[in-house]
>>> print(open('data.pdb').read())   # PDB, C-alpha atoms
ATOM      1  CA  MET A1068     123.846 103.225 -87.879
ATOM      2  CA  ARG A1069     127.115 102.843 -86.089
ATOM      3  CA  ILE A1070     129.352  99.881 -86.830
ATOM      4  CA  LEU A1071     130.978  98.794 -83.603
ATOM      5  CA  PRO A1072     134.709  98.121 -83.770
ATOM      6  CA  TRP A1073     135.567  95.312 -81.457
ATOM      7  CA  LEU A1074     138.923  93.991 -80.326
ATOM      8  CA  SER A1075     138.668  91.569 -77.453
ATOM      9  CA  LEU A1076     141.503  91.782 -74.977
ATOM     10  CA  VAL A1077     139.907  89.313 -72.601
ATOM     11  CA  PHE A1078     141.519  85.935 -72.288
ATOM     12  CA  VAL A1079     139.398  82.839 -72.627
ATOM     13  CA  GLY A1080     138.510  81.737 -69.113
ATOM     14  CA  VAL A1081     140.595  78.799 -68.051
ATOM     15  CA  SER A1082     137.449  76.945 -67.033
ATOM     16  CA  THR A1083     136.810  76.415 -70.765
ATOM     17  CA  LEU A1084     140.088  74.559 -71.183
ATOM     18  CA  ALA A1085     138.564  71.207 -70.439
ATOM     19  CA  SER A1086     140.796  68.236 -71.104
ATOM     20  CA  ALA A1087     141.647  65.381 -68.790
ATOM     21  CA  ASP A1088     145.333  66.289 -68.873
ATOM     22  CA  TYR A1089     144.513  69.862 -67.996
ATOM     23  CA  GLU A1090     142.453  69.257 -64.860
ATOM     24  CA  ALA A1091     145.338  69.149 -62.372
ATOM     25  CA  GLY A1092     146.702  72.442 -63.658
ATOM     26  CA  LEU A1093     143.231  73.961 -63.681
ATOM     27  CA  ASP A1094     142.751  73.046 -60.048
ATOM     28  CA  GLU A1095     146.075  74.646 -59.133
ATOM     29  CA  TYR A1096     145.282  77.763 -61.169
ATOM     30  CA  GLN A1097     141.936  78.235 -59.457
ATOM     31  CA  ARG A1098     143.727  78.014 -56.101
ATOM     32  CA  GLY A1099     146.105  80.737 -57.206
ATOM     33  CA  HIS A1100     149.041  78.315 -57.323
ATOM     34  CA  TYR A1101     150.355  79.555 -60.652
ATOM     35  CA  ALA A1102     153.771  77.894 -60.564
ATOM     36  CA  SER A1103     152.172  74.520 -59.848
ATOM     37  CA  ALA A1104     149.627  75.098 -62.624
ATOM     38  CA  ILE A1105     152.420  75.818 -65.090
ATOM     39  CA  HIS A1106     154.214  72.625 -64.044
ATOM     40  CA  GLU A1107     151.089  70.544 -64.690
ATOM     41  CA  TRP A1108     150.263  72.265 -67.982
ATOM     42  CA  ARG A1109     153.813  72.085 -69.306
ATOM     43  CA  THR A1110     153.830  68.311 -68.911
ATOM     44  CA  ALA A1111     150.581  67.994 -70.873
ATOM     45  CA  ALA A1112     151.600  70.664 -73.397
ATOM     46  CA  GLU A1113     154.833  68.896 -74.230
ATOM     47  CA  ARG A1114     152.748  65.804 -74.976
ATOM     48  CA  GLY A1115     150.815  67.880 -77.524
ATOM     49  CA  ASN A1116     147.741  68.877 -75.492
ATOM     50  CA  SER A1117     146.499  72.047 -77.200
ATOM     51  CA  ASP A1118     144.439  73.316 -74.255
ATOM     52  CA  SER A1119     147.508  73.207 -72.035
ATOM     53  CA  GLN A1120     149.612  74.860 -74.735
ATOM     54  CA  PHE A1121     147.131  77.708 -74.886
ATOM     55  CA  ALA A1122     147.102  77.987 -71.094
ATOM     56  CA  LEU A1123     150.884  78.268 -71.024
ATOM     57  CA  GLY A1124     150.731  80.997 -73.643
ATOM     58  CA  MET A1125     148.233  82.851 -71.492
ATOM     59  CA  MET A1126     150.455  82.541 -68.419
ATOM     60  CA  PHE A1127     153.551  83.792 -70.236
ATOM     61  CA  GLU A1128     151.624  86.703 -71.753
ATOM     62  CA  ARG A1129     150.181  87.674 -68.394
ATOM     63  CA  GLY A1130     153.318  86.969 -66.393
ATOM     64  CA  GLN A1131     151.479  84.714 -63.956
ATOM     65  CA  GLY A1132     153.810  82.292 -62.210
ATOM     66  CA  VAL A1133     156.591  83.147 -64.700
ATOM     67  CA  SER A1134     158.320  86.218 -66.032
ATOM     68  CA  ALA A1135     156.218  87.732 -68.780
ATOM     69  CA  SER A1136     157.567  86.795 -72.203
ATOM     70  CA  LEU A1137     155.724  87.437 -75.428
ATOM     71  CA  ASP A1138     158.183  85.192 -77.260
ATOM     72  CA  GLU A1139     157.287  82.268 -74.993
ATOM     73  CA  ALA A1140     153.592  83.159 -75.201
ATOM     74  CA  TYR A1141     153.809  83.144 -78.999
ATOM     75  CA  LYS A1142     155.574  79.772 -78.971
ATOM     76  CA  TRP A1143     152.792  78.081 -77.021
ATOM     77  CA  TYR A1144     149.949  79.927 -78.728
ATOM     78  CA  ARG A1145     151.371  78.934 -82.098
ATOM     79  CA  LEU A1146     151.607  75.274 -81.125
ATOM     80  CA  ALA A1147     148.012  75.307 -79.932
ATOM     81  CA  ALA A1148     146.879  77.197 -83.033
ATOM     82  CA  ASP A1149     148.644  74.754 -85.349
ATOM     83  CA  ASN A1150     146.876  71.965 -83.459
ATOM     84  CA  GLY A1151     143.561  73.574 -84.408
ATOM     85  CA  LEU A1152     142.582  75.312 -81.157
ATOM     86  CA  THR A1153     140.505  78.249 -82.329
ATOM     87  CA  ASP A1154     140.971  80.264 -79.136
ATOM     88  CA  ALA A1155     144.713  80.263 -79.770
ATOM     89  CA  GLN A1156     144.194  81.220 -83.411
ATOM     90  CA  VAL A1157     142.046  84.162 -82.330
ATOM     91  CA  ARG A1158     144.583  85.298 -79.751
ATOM     92  CA  LEU A1159     147.408  85.230 -82.283
ATOM     93  CA  ALA A1160     145.283  87.281 -84.679
ATOM     94  CA  GLU A1161     144.534  89.808 -81.953
ATOM     95  CA  LEU A1162     148.225  90.158 -81.123
ATOM     96  CA  TYR A1163     148.971  90.885 -84.780
ATOM     97  CA  LEU A1164     146.244  93.540 -84.858
ATOM     98  CA  LEU A1165     147.643  95.063 -81.676
ATOM     99  CA  GLU A1166     151.059  95.152 -83.372
ATOM    100  CA  ARG A1167     152.545  93.203 -80.489
ATOM    101  CA  LEU A1168     153.810  90.617 -82.981
ATOM    102  CA  ASP A1169     155.778  91.398 -86.108
ATOM    103  CA  GLY A1170     153.446  91.143 -89.048
ATOM    104  CA  ASP A1171     150.573  93.002 -90.626
ATOM    105  CA  PRO A1172     146.766  92.875 -90.653
ATOM    106  CA  GLY A1173     147.030  90.198 -93.331
ATOM    107  CA  SER A1174     148.591  87.870 -90.740
ATOM    108  CA  ALA A1175     145.690  88.597 -88.410
ATOM    109  CA  ALA A1176     143.195  87.922 -91.186
ATOM    110  CA  GLN A1177     144.734  84.522 -91.924
ATOM    111  CA  TRP A1178     144.416  83.374 -88.322
ATOM    112  CA  PHE A1179     140.919  84.817 -87.949
ATOM    113  CA  GLU A1180     139.880  83.006 -91.119
ATOM    114  CA  ARG A1181     141.144  79.657 -89.858
ATOM    115  CA  ALA A1182     139.208  80.066 -86.636
ATOM    116  CA  ALA A1183     136.156  81.475 -88.411
ATOM    117  CA  GLU A1184     135.981  78.555 -90.818
ATOM    118  CA  ALA A1185     136.046  76.266 -87.771
ATOM    119  CA  GLY A1186     133.006  78.077 -86.355
ATOM    120  CA  ASN A1187     134.544  80.433 -83.795
ATOM    121  CA  ALA A1188     132.046  83.307 -83.442
ATOM    122  CA  ALA A1189     134.591  85.861 -82.200
ATOM    123  CA  ALA A1190     136.794  85.133 -85.206
ATOM    124  CA  GLN A1191     133.831  85.370 -87.577
ATOM    125  CA  PHE A1192     132.986  88.790 -86.171
ATOM    126  CA  GLN A1193     136.562  90.038 -86.365
ATOM    127  CA  LEU A1194     136.955  88.753 -89.896
ATOM    128  CA  GLY A1195     133.749  90.568 -90.821
ATOM    129  CA  LEU A1196     135.261  93.803 -89.520
ATOM    130  CA  LEU A1197     138.431  93.301 -91.549
ATOM    131  CA  TYR A1198     136.424  92.752 -94.739
ATOM    132  CA  LEU A1199     134.176  95.715 -93.979
ATOM    133  CA  GLU A1200     137.140  98.036 -93.470
ATOM    134  CA  GLY A1201     139.512  96.498 -96.018
ATOM    135  CA  GLU A1202     142.155  95.871 -93.373
ATOM    136  CA  GLY A1203     144.506  92.997 -94.214
ATOM    137  CA  VAL A1204     142.078  91.864 -96.927
ATOM    138  CA  ASP A1205     140.381  93.451 -99.915
ATOM    139  CA  GLU A1206     137.301  95.372 -98.825
ATOM    140  CA  ASN A1207     134.251  93.223 -99.429
ATOM    141  CA  ALA A1208     130.941  94.134 -97.817
ATOM    142  CA  GLU A1209     129.309  90.888 -98.958
ATOM    143  CA  LEU A1210     131.910  88.787 -97.138
ATOM    144  CA  ALA A1211     131.671  91.089 -94.131
ATOM    145  CA  ALA A1212     127.934  90.496 -93.996
ATOM    146  CA  ARG A1213     128.425  86.743 -94.363
ATOM    147  CA  TRP A1214     130.779  86.530 -91.399
ATOM    148  CA  PHE A1215     128.740  88.913 -89.251
ATOM    149  CA  GLU A1216     125.597  86.891 -89.838
ATOM    150  CA  LEU A1217     127.326  83.601 -89.015
ATOM    151  CA  ALA A1218     128.602  85.073 -85.756
ATOM    152  CA  ALA A1219     125.232  86.700 -85.048
ATOM    153  CA  GLU A1220     123.435  83.395 -85.445
ATOM    154  CA  GLN A1221     125.694  82.018 -82.718
ATOM    155  CA  GLY A1222     124.619  84.816 -80.379
ATOM    156  CA  HIS A1223     127.553  87.206 -80.826
ATOM    157  CA  VAL A1224     125.965  90.467 -79.715
ATOM    158  CA  ALA A1225     128.198  92.950 -81.543
ATOM    159  CA  ALA A1226     127.802  90.919 -84.728
ATOM    160  CA  GLN A1227     124.030  91.054 -84.340
ATOM    161  CA  ASN A1228     124.213  94.833 -84.140
ATOM    162  CA  ASN A1229     126.544  95.055 -87.118
ATOM    163  CA  ILE A1230     124.560  92.785 -89.415
ATOM    164  CA  GLY A1231     121.510  94.813 -88.417
ATOM    165  CA  SER A1232     123.312  97.941 -89.583
ATOM    166  CA  LEU A1233     124.194  96.341 -92.906
ATOM    167  CA  TYR A1234     120.579  95.294 -93.467
ATOM    168  CA  GLU A1235     119.391  98.787 -92.570
ATOM    169  CA  THR A1236     121.707 100.436 -95.093
ATOM    170  CA  GLY A1237     121.742  97.674 -97.694
ATOM    171  CA  ARG A1238     125.497  97.378 -97.608
ATOM    172  CA  GLY A1239     126.632  93.898 -98.639
ATOM    173  CA  VAL A1240     123.074  92.552 -98.372
ATOM    174  CA  GLU A1241     119.659  93.310 -99.825
ATOM    175  CA  GLN A1242     118.299  96.240 -97.828
ATOM    176  CA  SER A1243     115.629  95.222 -95.321
ATOM    177  CA  TYR A1244     114.352  97.258 -92.402
ATOM    178  CA  THR A1245     112.561  94.163 -91.143
ATOM    179  CA  ARG A1246     115.766  92.139 -90.918
ATOM    180  CA  ALA A1247     117.601  95.105 -89.434
ATOM    181  CA  PHE A1248     114.948  95.487 -86.749
ATOM    182  CA  GLU A1249     115.096  91.767 -85.917
ATOM    183  CA  TRP A1250     118.870  91.770 -85.425
ATOM    184  CA  TYR A1251     118.901  95.029 -83.475
ATOM    185  CA  GLU A1252     116.205  93.694 -81.184
ATOM    186  CA  ARG A1253     118.111  90.479 -80.483
ATOM    187  CA  ALA A1254     121.219  92.436 -79.531
ATOM    188  CA  ALA A1255     119.298  95.100 -77.617
ATOM    189  CA  LYS A1256     117.668  92.460 -75.424
ATOM    190  CA  GLN A1257     121.180  91.336 -74.519
ATOM    191  CA  ASN A1258     121.925  94.873 -73.278
ATOM    192  CA  ASP A1259     124.095  96.068 -76.145
ATOM    193  CA  PRO A1260     123.864  99.893 -75.933
ATOM    194  CA  PHE A1261     124.646 100.406 -79.626
ATOM    195  CA  ALA A1262     121.859  98.062 -80.677
ATOM    196  CA  GLN A1263     119.505  99.616 -78.131
ATOM    197  CA  ASN A1264     120.119 103.048 -79.609
ATOM    198  CA  ASN A1265     119.674 101.687 -83.133
ATOM    199  CA  LEU A1266     116.460  99.930 -82.144
ATOM    200  CA  GLY A1267     115.133 103.132 -80.610
ATOM    201  CA  ALA A1268     115.843 104.928 -83.877
ATOM    202  CA  MET A1269     113.918 102.262 -85.806
ATOM    203  CA  HIS A1270     110.903 102.803 -83.548
ATOM    204  CA  ALA A1271     111.198 106.584 -83.877
ATOM    205  CA  ARG A1272     111.379 106.441 -87.668
ATOM    206  CA  GLY A1273     108.887 103.631 -88.158
ATOM    207  CA  HIS A1274     111.446 101.492 -89.972
ATOM    208  CA  GLY A1275     110.693  97.779 -89.781
ATOM    209  CA  VAL A1276     107.979  98.452 -87.226
ATOM    210  CA  GLU A1277     105.087 100.856 -86.703
ATOM    211  CA  ARG A1278     106.350 104.220 -85.448
ATOM    212  CA  ASN A1279     106.182 104.379 -81.682
ATOM    213  CA  HIS A1280     107.945 107.170 -79.790
ATOM    214  CA  ALA A1281     107.290 105.532 -76.417
ATOM    215  CA  TRP A1282     109.270 102.459 -77.425
ATOM    216  CA  ALA A1283     111.876 104.747 -78.962
ATOM    217  CA  VAL A1284     112.394 106.547 -75.664
ATOM    218  CA  PHE A1285     112.440 103.253 -73.774
ATOM    219  CA  TRP A1286     115.324 101.894 -75.840
ATOM    220  CA  PHE A1287     117.138 105.229 -75.926
ATOM    221  CA  VAL A1288     117.051 105.241 -72.120
ATOM    222  CA  MET A1289     118.461 101.721 -72.005
ATOM    223  CA  ALA A1290     121.215 102.786 -74.394
ATOM    224  CA  ALA A1291     122.014 105.951 -72.434
ATOM    225  CA  GLN A1292     122.285 103.996 -69.221
ATOM    226  CA  GLY A1293     124.642 101.616 -71.022
ATOM    227  CA  GLY A1294     126.938 104.479 -71.935
ATOM    228  CA  ASN A1295     125.870 105.292 -75.496
ATOM    229  CA  GLY A1296     126.649 108.975 -75.975
ATOM    230  CA  LEU A1297     124.151 109.528 -78.796
ATOM    231  CA  ALA A1298     121.206 108.142 -76.891
ATOM    232  CA  GLN A1299     120.560 111.184 -74.705
ATOM    233  CA  GLU A1300     120.330 113.400 -77.777
ATOM    234  CA  ASN A1301     117.827 110.951 -79.238
ATOM    235  CA  ILE A1302     115.810 110.985 -76.024
ATOM    236  CA  ASN A1303     115.581 114.764 -76.152
ATOM    237  CA  ALA A1304     114.442 114.638 -79.781
ATOM    238  CA  SER A1305     111.690 112.133 -78.984
ATOM    239  CA  LEU A1306     110.303 113.638 -75.771
ATOM    240  CA  PRO A1307     108.111 116.271 -77.500
ATOM    241  CA  ASN A1308     106.126 113.364 -78.958
ATOM    242  CA  LEU A1309     105.196 112.080 -75.491
ATOM    243  CA  GLU A1310     102.600 113.340 -73.025
ATOM    244  CA  GLU A1311     104.166 115.618 -70.413
ATOM    245  CA  LYS A1312     102.796 115.417 -66.855
ATOM    246  CA  GLN A1313     103.824 116.235 -63.300
ATOM    247  CA  ILE A1314     104.031 114.324 -60.069
ATOM    248  CA  ALA A1315     100.945 115.234 -58.028
ATOM    249  CA  GLY A1316     101.781 113.600 -54.704
ATOM    250  CA  SER A1317     104.608 114.110 -52.259
ATOM    251  CA  ARG A1318     105.462 110.409 -52.271
ATOM    252  CA  VAL A1319     105.488 108.113 -55.268
ATOM    253  CA  ASN A1320     104.139 104.573 -55.368
ATOM    254  CA  ILE A1321     106.121 102.397 -57.731
ATOM    255  CA  ARG A1322     105.990  98.853 -58.972
ATOM    256  CA  ALA A1323     108.335  96.438 -60.662
ATOM    257  CA  GLY A1324     108.484  96.074 -64.422
ATOM    258  CA  ALA A1325     110.965  97.805 -66.725
ATOM    259  CA  SER A1326     111.866 100.320 -64.025
ATOM    260  CA  THR A1327     115.509 101.297 -63.899
ATOM    261  CA  ASP A1328     116.103 102.856 -60.494
ATOM    262  CA  PHE A1329     113.563 102.290 -57.731
ATOM    263  CA  GLU A1330     115.191 104.591 -55.174
ATOM    264  CA  ARG A1331     115.250 107.525 -57.572
ATOM    265  CA  ILE A1332     111.652 106.908 -58.574
ATOM    266  CA  ALA A1333     110.517 106.752 -54.952
ATOM    267  CA  SER A1334     112.184 110.082 -54.227
ATOM    268  CA  LEU A1335     110.299 112.043 -56.896
ATOM    269  CA  THR A1336     108.493 115.039 -55.418
ATOM    270  CA  LYS A1337     105.437 117.064 -56.303
ATOM    271  CA  GLY A1338     105.869 119.109 -59.471
ATOM    272  CA  THR A1339     108.564 116.930 -60.993
ATOM    273  CA  THR A1340     108.112 116.659 -64.761
ATOM    274  CA  VAL A1341     107.650 113.176 -66.193
ATOM    275  CA  TYR A1342     106.816 111.914 -69.666
ATOM    276  CA  VAL A1343     104.293 109.103 -69.987
ATOM    277  CA  LEU A1344     105.301 106.209 -72.212
ATOM    278  CA  GLY A1345     102.120 104.219 -71.640
ATOM    279  CA  SER A1346      99.501 103.193 -69.073
ATOM    280  CA  MET A1347      98.026  99.883 -67.931
ATOM    281  CA  ASP A1348      95.814  98.810 -65.034
ATOM    282  CA  GLY A1349      96.030 102.129 -63.224
ATOM    283  CA  TRP A1350      99.792 102.493 -63.634
ATOM    284  CA  SER A1351     101.865 104.547 -66.050
ATOM    285  CA  GLN A1352     105.400 104.008 -67.193
ATOM    286  CA  VAL A1353     107.166 107.355 -67.119
ATOM    287  CA  TYR A1354     110.468 108.806 -68.206
ATOM    288  CA  PHE A1355     112.185 111.386 -66.027
ATOM    289  CA  GLU A1356     115.592 112.832 -65.354
ATOM    290  CA  GLN A1357     117.198 113.201 -61.977
ATOM    291  CA  GLY A1358     120.772 114.349 -61.617
ATOM    292  CA  ASN A1359     120.977 114.626 -65.418
ATOM    293  CA  ALA A1360     120.572 110.855 -65.692
ATOM    294  CA  PRO A1361     117.661 109.184 -67.536
ATOM    295  CA  ALA A1362     115.372 106.713 -65.808
ATOM    296  CA  LEU A1363     112.105 104.844 -66.281
ATOM    297  CA  GLY A1364     109.554 103.818 -63.712
ATOM    298  CA  TRP A1365     106.018 102.614 -63.164
ATOM    299  CA  ILE A1366     103.993 105.106 -61.113
ATOM    300  CA  SER A1367     100.414 104.942 -59.891
ATOM    301  CA  ASN A1368      98.121 107.080 -62.030
ATOM    302  CA  THR A1369      96.718 108.659 -58.856
ATOM    303  CA  LEU A1370     100.092 110.329 -58.283
ATOM    304  CA  ILE A1371     100.540 112.042 -61.649
ATOM    305  CA  GLU A1372      98.590 114.892 -63.210
TER
END
>>> encode(input="data.pdb", output="structure tokens")
Amino acid sequence: MRILPWLSLVFVGVSTLASADYEAGLDEYQRGHYASAIHEWRTAAERGNSDSQFALGMMFERGQGVSASLDEAYKWYRLAADNGLTDAQVRLAELYLLERLDGDPGSAAQWFERAAEAGNAAAQFQLGLLYLEGEGVDENAELAARWFELAAEQGHVAAQNNIGSLYETGRGVEQSYTRAFEWYERAAKQNDPFAQNNLGAMHARGHGVERNHAWAVFWFVMAAQGGNGLAQENINASLPNLEEKQIAGSRVNIRAGASTDFERIASLTKGTTVYVLGSMDGWSQVYFEQGNAPALGWISNTLIE
């Protein structure tokens, strides 16, 4: 299963920078008064407030209210990182990986490790990737699995998918389809398209769960709609295992419940091919394609044949 590389380029939202000294600057920032925000944050930052130091770094990196300066951004990020702010440690590590700061992946690994040891889930995930790929550290699948699982337990979706992959293949951990299925499912339910595709494959193969091609198609559709390029191929491979029917009526009655596009479902016409995933209480959940895009819907059994 695919291991998802992940490099977050999204700044921590300023609303998370919650300190009493920061509030005045936060208020100004939210109003779009960047120069005033910088004035408030600089005062607090110079008194050693790490949240405000990080905010200043963000502003200098973005060029909001000041001329963009990576040197100034580094200065404030480094102060905040040295004060133990894990968000700043993660951002410094990311800048090293992006080669925007002079250094090597080992510098990134050091900052990720500091933040990871302090419990930062993003850092734990990134550190897991470095150990898995041997970038900046010696390759070590066991340590990769350790950091992925720690991040996954905190709800980090990509880490949940990755630790699922390691359990499926037995890399760095004792192989277990059951554990793989559990982690894939947790990530899939949070709309991760890689995990959704992986979960569909588990259903199709009967790994960690009883084989069920209907559930396989369901998760492959979710993955395809999320942009996973492999999912459509997997849908096509699974469809022959489902019951093929046609729309019998000229108008389609639909209902809510795991349907992905009500307007497209309602527009289905007589003779349109659908594949039945399952039926309940006079309704069937069907898969169909319209405009070369996959969709699911619940349709009255009286309107399919």
>>> residues_around(input="data.pdb", residues="A:Met1289", least_positions_apart="3", cutoff="8 Å", atoms="only C-alpha atoms", output="list in words")
Asn1258, Pro1260, Gln1263, Asn1264, Phe1285, Trp1286, Gln1292 and Gly1293 of chain A
>>> resolve_selection(input="data.pdb", expression="the PyMOL selection byres ((chain A and resi 1308) around 10)", output="list in words")
Ala1271, Asn1279, His1280, Ala1281, Val1284, Asn1303, Ala1304, Ser1305, Leu1306, Pro1307, Leu1309, Glu1310, Glu1311, Tyr1342 and Leu1344 of chain A
>>> residues_around(input="data.pdb", residues="A:Ala1122", least_positions_apart="4", cutoff="9 Å", atoms="all atoms listed in the file", output="tab-separated table (two decimals) with C-alpha atoms, in the frame of the given file")
chain	number	residue	atom	x	y	z
A	1081	VAL	CA	140.60	78.80	-68.05
A	1084	LEU	CA	140.09	74.56	-71.18
A	1105	ILE	CA	152.42	75.82	-65.09
A	1108	TRP	CA	150.26	72.26	-67.98
A	1112	ALA	CA	151.60	70.66	-73.40
A	1117	SER	CA	146.50	72.05	-77.20
A	1118	ASP	CA	144.44	73.32	-74.26
A	1126	MET	CA	150.46	82.54	-68.42
A	1127	PHE	CA	153.55	83.79	-70.24
A	1143	TRP	CA	152.79	78.08	-77.02
A	1144	TYR	CA	149.95	79.93	-78.73
>>> closest_residue(input="data.pdb", among="A:Leu1297, A:Val1204, A:Tyr1198, A:Arg1145", to="A:Gly1173", atoms="all atoms listed in the file")
A:Val1204
>>> atom_distance(input="data.pdb", atom1="atom CA of A:Val1353", atom2="atom CA of A:Asp1259")
22.3 Å
